[in-house]
Amino acid sequence: MSFYVTIKNSQGQEIRVKVSLEIYELFEAEHKEQERFRKEQERHGSDEDVEGDIAGYYHSGRTQPVDEQAIQRQEFRTALQIIKGCSPTQQRRFYLNRILGYSFAEIARKENCSEGAVRKSVNEVSSKIKNFMK
């Protein structure tokens, strides 16, 4: 199945481009957000003069350009691959600390080990990710 998006070229003409499913979904998500914002503006049009800048400010904070979303997804995939390359213990401790928010002490109590061992495991995974992203 092929997916297409319509974009403007450097001369301002609309062109249709074949893209992957992931890129198509990013464009669709951005389009839905823009449509939601447009409808919100229609409903509250009378307040536009007073709150136009505020609404634009909040809108800009909620959405990211498609290219930034694509970069973030790629970085996330890369981080997942790095994490999968770590030991099961490191993966588990990293997940408990960085994703679920458990402290080193809580994880240490849960796993019957030292807090230092937990910290070392989490920091090793973090440093692998940071080194790769540089």
# chains A, B, ... in the order shown; residues from 1 in each chain; ligands from 1

call {"tool": "residues_around", "arguments": {"residues": "stretch 96-108 of chain A", "least_positions_apart": "6", "cutoff": "8 Å", "atoms": "only C-alpha atoms", "output": "count of residues only"}}
result
7

call {"tool": "select_by_dssp", "arguments": {"residues": "chain A", "states": "alpha helix (DSSP H)", "output": "number ranges by chain"}}
result
A: 21-43, 48-62, 66-84, 88-94, 104-111, 115-133

call {"tool": "write_last_selection", "arguments": {"atoms": "C-alpha atoms", "output": "PDB file, in the first residue's frame"}}
result
ATOM      1  CA  LEU A  21       3.548   4.865   6.638  1.00  0.00           C
ATOM      2  CA  GLU A  22       5.404   6.483   9.549  1.00  0.00           C
ATOM      3  CA  ILE A  23       5.851   9.818   7.759  1.00  0.00           C
ATOM      4  CA  TYR A  24       2.247   9.692   6.546  1.00  0.00           C
ATOM      5  CA  GLU A  25       1.057   9.201  10.142  1.00  0.00           C
ATOM      6  CA  LEU A  26       3.157  12.178  11.272  1.00  0.00           C
ATOM      7  CA  PHE A  27       1.591  14.382   8.603  1.00  0.00           C
ATOM      8  CA  GLU A  28      -1.894  13.151   9.529  1.00  0.00           C
ATOM      9  CA  ALA A  29      -1.304  13.841  13.224  1.00  0.00           C
ATOM     10  CA  GLU A  30      -0.123  17.374  12.449  1.00  0.00           C
ATOM     11  CA  HIS A  31      -3.087  17.925  10.115  1.00  0.00           C
ATOM     12  CA  LYS A  32      -5.526  16.775  12.813  1.00  0.00           C
ATOM     13  CA  GLU A  33      -3.930  19.102  15.356  1.00  0.00           C
ATOM     14  CA  GLN A  34      -4.152  22.036  12.936  1.00  0.00           C
ATOM     15  CA  GLU A  35      -7.785  21.217  12.180  1.00  0.00           C
ATOM     16  CA  ARG A  36      -8.580  20.971  15.890  1.00  0.00           C
ATOM     17  CA  PHE A  37      -6.951  24.345  16.458  1.00  0.00           C
ATOM     18  CA  ARG A  38      -8.836  25.888  13.499  1.00  0.00           C
ATOM     19  CA  LYS A  39     -12.168  24.641  14.883  1.00  0.00           C
ATOM     20  CA  GLU A  40     -11.254  25.921  18.330  1.00  0.00           C
ATOM     21  CA  GLN A  41     -10.556  29.324  16.811  1.00  0.00           C
ATOM     22  CA  GLU A  42     -13.914  29.287  14.998  1.00  0.00           C
ATOM     23  CA  ARG A  43     -15.771  28.518  18.225  1.00  0.00           C
ATOM     24  CA  GLU A  48      -9.505  36.264  18.962  1.00  0.00           C
ATOM     25  CA  ASP A  49      -8.437  39.917  19.224  1.00  0.00           C
ATOM     26  CA  VAL A  50      -7.802  39.644  22.931  1.00  0.00           C
ATOM     27  CA  GLU A  51      -6.464  36.124  23.178  1.00  0.00           C
ATOM     28  CA  GLY A  52      -4.910  35.582  19.728  1.00  0.00           C
ATOM     29  CA  ASP A  53      -1.349  35.757  20.957  1.00  0.00           C
ATOM     30  CA  ILE A  54      -2.090  33.570  23.956  1.00  0.00           C
ATOM     31  CA  ALA A  55      -3.831  30.925  21.830  1.00  0.00           C
ATOM     32  CA  GLY A  56      -0.929  30.923  19.388  1.00  0.00           C
ATOM     33  CA  TYR A  57       1.508  30.570  22.232  1.00  0.00           C
ATOM     34  CA  TYR A  58      -0.329  27.586  23.698  1.00  0.00           C
ATOM     35  CA  HIS A  59      -0.786  26.017  20.271  1.00  0.00           C
ATOM     36  CA  SER A  60       2.902  26.308  19.458  1.00  0.00           C
ATOM     37  CA  GLY A  61       3.718  24.550  22.729  1.00  0.00           C
ATOM     38  CA  ARG A  62       1.461  21.599  21.936  1.00  0.00           C
ATOM     39  CA  VAL A  66       6.888  17.010  11.465  1.00  0.00           C
ATOM     40  CA  ASP A  67      10.656  16.900  10.963  1.00  0.00           C
ATOM     41  CA  GLU A  68      11.290  17.288  14.701  1.00  0.00           C
ATOM     42  CA  GLN A  69       8.795  14.510  15.456  1.00  0.00           C
ATOM     43  CA  ALA A  70      10.549  12.229  12.964  1.00  0.00           C
ATOM     44  CA  ILE A  71      13.953  12.974  14.513  1.00  0.00           C
ATOM     45  CA  GLN A  72      12.621  12.279  18.005  1.00  0.00           C
ATOM     46  CA  ARG A  73      11.118   8.971  16.887  1.00  0.00           C
ATOM     47  CA  GLN A  74      14.419   7.933  15.332  1.00  0.00           C
ATOM     48  CA  GLU A  75      16.330   8.894  18.474  1.00  0.00           C
ATOM     49  CA  PHE A  76      13.822   6.930  20.557  1.00  0.00           C
ATOM     50  CA  ARG A  77      14.285   3.846  18.357  1.00  0.00           C
ATOM     51  CA  THR A  78      18.057   4.175  18.637  1.00  0.00           C
ATOM     52  CA  ALA A  79      17.837   4.454  22.423  1.00  0.00           C
ATOM     53  CA  LEU A  80      15.636   1.337  22.535  1.00  0.00           C
ATOM     54  CA  GLN A  81      18.183  -0.608  20.476  1.00  0.00           C
ATOM     55  CA  ILE A  82      20.961   0.468  22.844  1.00  0.00           C
ATOM     56  CA  ILE A  83      18.865  -0.548  25.867  1.00  0.00           C
ATOM     57  CA  LYS A  84      18.084  -3.938  24.290  1.00  0.00           C
ATOM     58  CA  PRO A  88      18.477  -7.832  31.569  1.00  0.00           C
ATOM     59  CA  THR A  89      19.429  -6.469  35.002  1.00  0.00           C
ATOM     60  CA  GLN A  90      20.522  -3.136  33.523  1.00  0.00           C
ATOM     61  CA  GLN A  91      17.361  -2.958  31.400  1.00  0.00           C
ATOM     62  CA  ARG A  92      15.115  -3.655  34.388  1.00  0.00           C
ATOM     63  CA  ARG A  93      16.836  -1.162  36.666  1.00  0.00           C
ATOM     64  CA  PHE A  94      16.907   1.542  33.979  1.00  0.00           C
ATOM     65  CA  PHE A 104      17.869   3.870  43.557  1.00  0.00           C
ATOM     66  CA  ALA A 105      17.123   2.961  47.182  1.00  0.00           C
ATOM     67  CA  GLU A 106      13.657   1.604  46.330  1.00  0.00           C
ATOM     68  CA  ILE A 107      15.052  -0.535  43.513  1.00  0.00           C
ATOM     69  CA  ALA A 108      17.877  -1.784  45.757  1.00  0.00           C
ATOM     70  CA  ARG A 109      15.374  -2.863  48.437  1.00  0.00           C
ATOM     71  CA  LYS A 110      13.215  -4.549  45.808  1.00  0.00           C
ATOM     72  CA  GLU A 111      16.171  -6.470  44.330  1.00  0.00           C
ATOM     73  CA  GLU A 115      22.048   1.181  46.077  1.00  0.00           C
ATOM     74  CA  GLY A 116      25.449   1.627  44.436  1.00  0.00           C
ATOM     75  CA  ALA A 117      24.904  -1.425  42.235  1.00  0.00           C
ATOM     76  CA  VAL A 118      21.586  -0.022  41.049  1.00  0.00           C
ATOM     77  CA  ARG A 119      23.112   3.403  40.402  1.00  0.00           C
ATOM     78  CA  LYS A 120      25.974   1.815  38.452  1.00  0.00           C
ATOM     79  CA  SER A 121      23.558  -0.193  36.256  1.00  0.00           C
ATOM     80  CA  VAL A 122      21.365   2.817  35.470  1.00  0.00           C
ATOM     81  CA  ASN A 123      24.338   5.094  34.826  1.00  0.00           C
ATOM     82  CA  GLU A 124      25.930   2.575  32.450  1.00  0.00           C
ATOM     83  CA  VAL A 125      22.800   2.447  30.296  1.00  0.00           C
ATOM     84  CA  SER A 126      22.496   6.247  30.411  1.00  0.00           C
ATOM     85  CA  SER A 127      26.113   6.760  29.401  1.00  0.00           C
ATOM     86  CA  LYS A 128      25.771   4.300  26.488  1.00  0.00           C
ATOM     87  CA  ILE A 129      22.788   6.282  25.204  1.00  0.00           C
ATOM     88  CA  LYS A 130      24.523   9.637  25.698  1.00  0.00           C
ATOM     89  CA  ASN A 131      27.715   8.467  23.993  1.00  0.00           C
ATOM     90  CA  PHE A 132      25.809   7.204  20.991  1.00  0.00           C
ATOM     91  CA  MET A 133      23.774  10.416  20.671  1.00  0.00           C
TER      92      MET A 133
END

call {"tool": "atom_distance", "arguments": {"atom1": "atom CA of A:Ser20", "atom2": "atom CA of A:Tyr4"}}
result
8.3 Å

call {"tool": "select_by_dssp", "arguments": {"residues": "stretch 4-124 of chain A", "states": "strand (DSSP E or B)", "output": "PyMOL selection string"}}
result
chain A and resi 4-8+14-19

call {"tool": "atom_distance", "arguments": {"atom1": "atom CA of A:Lys134", "atom2": "atom CA of A:Val19"}}
result
28.3 Å

call {"tool": "atom_distance", "arguments": {"atom1": "atom CA of A:Tyr95", "atom2": "atom CA of A:Pro65"}}
result
28.5 Å
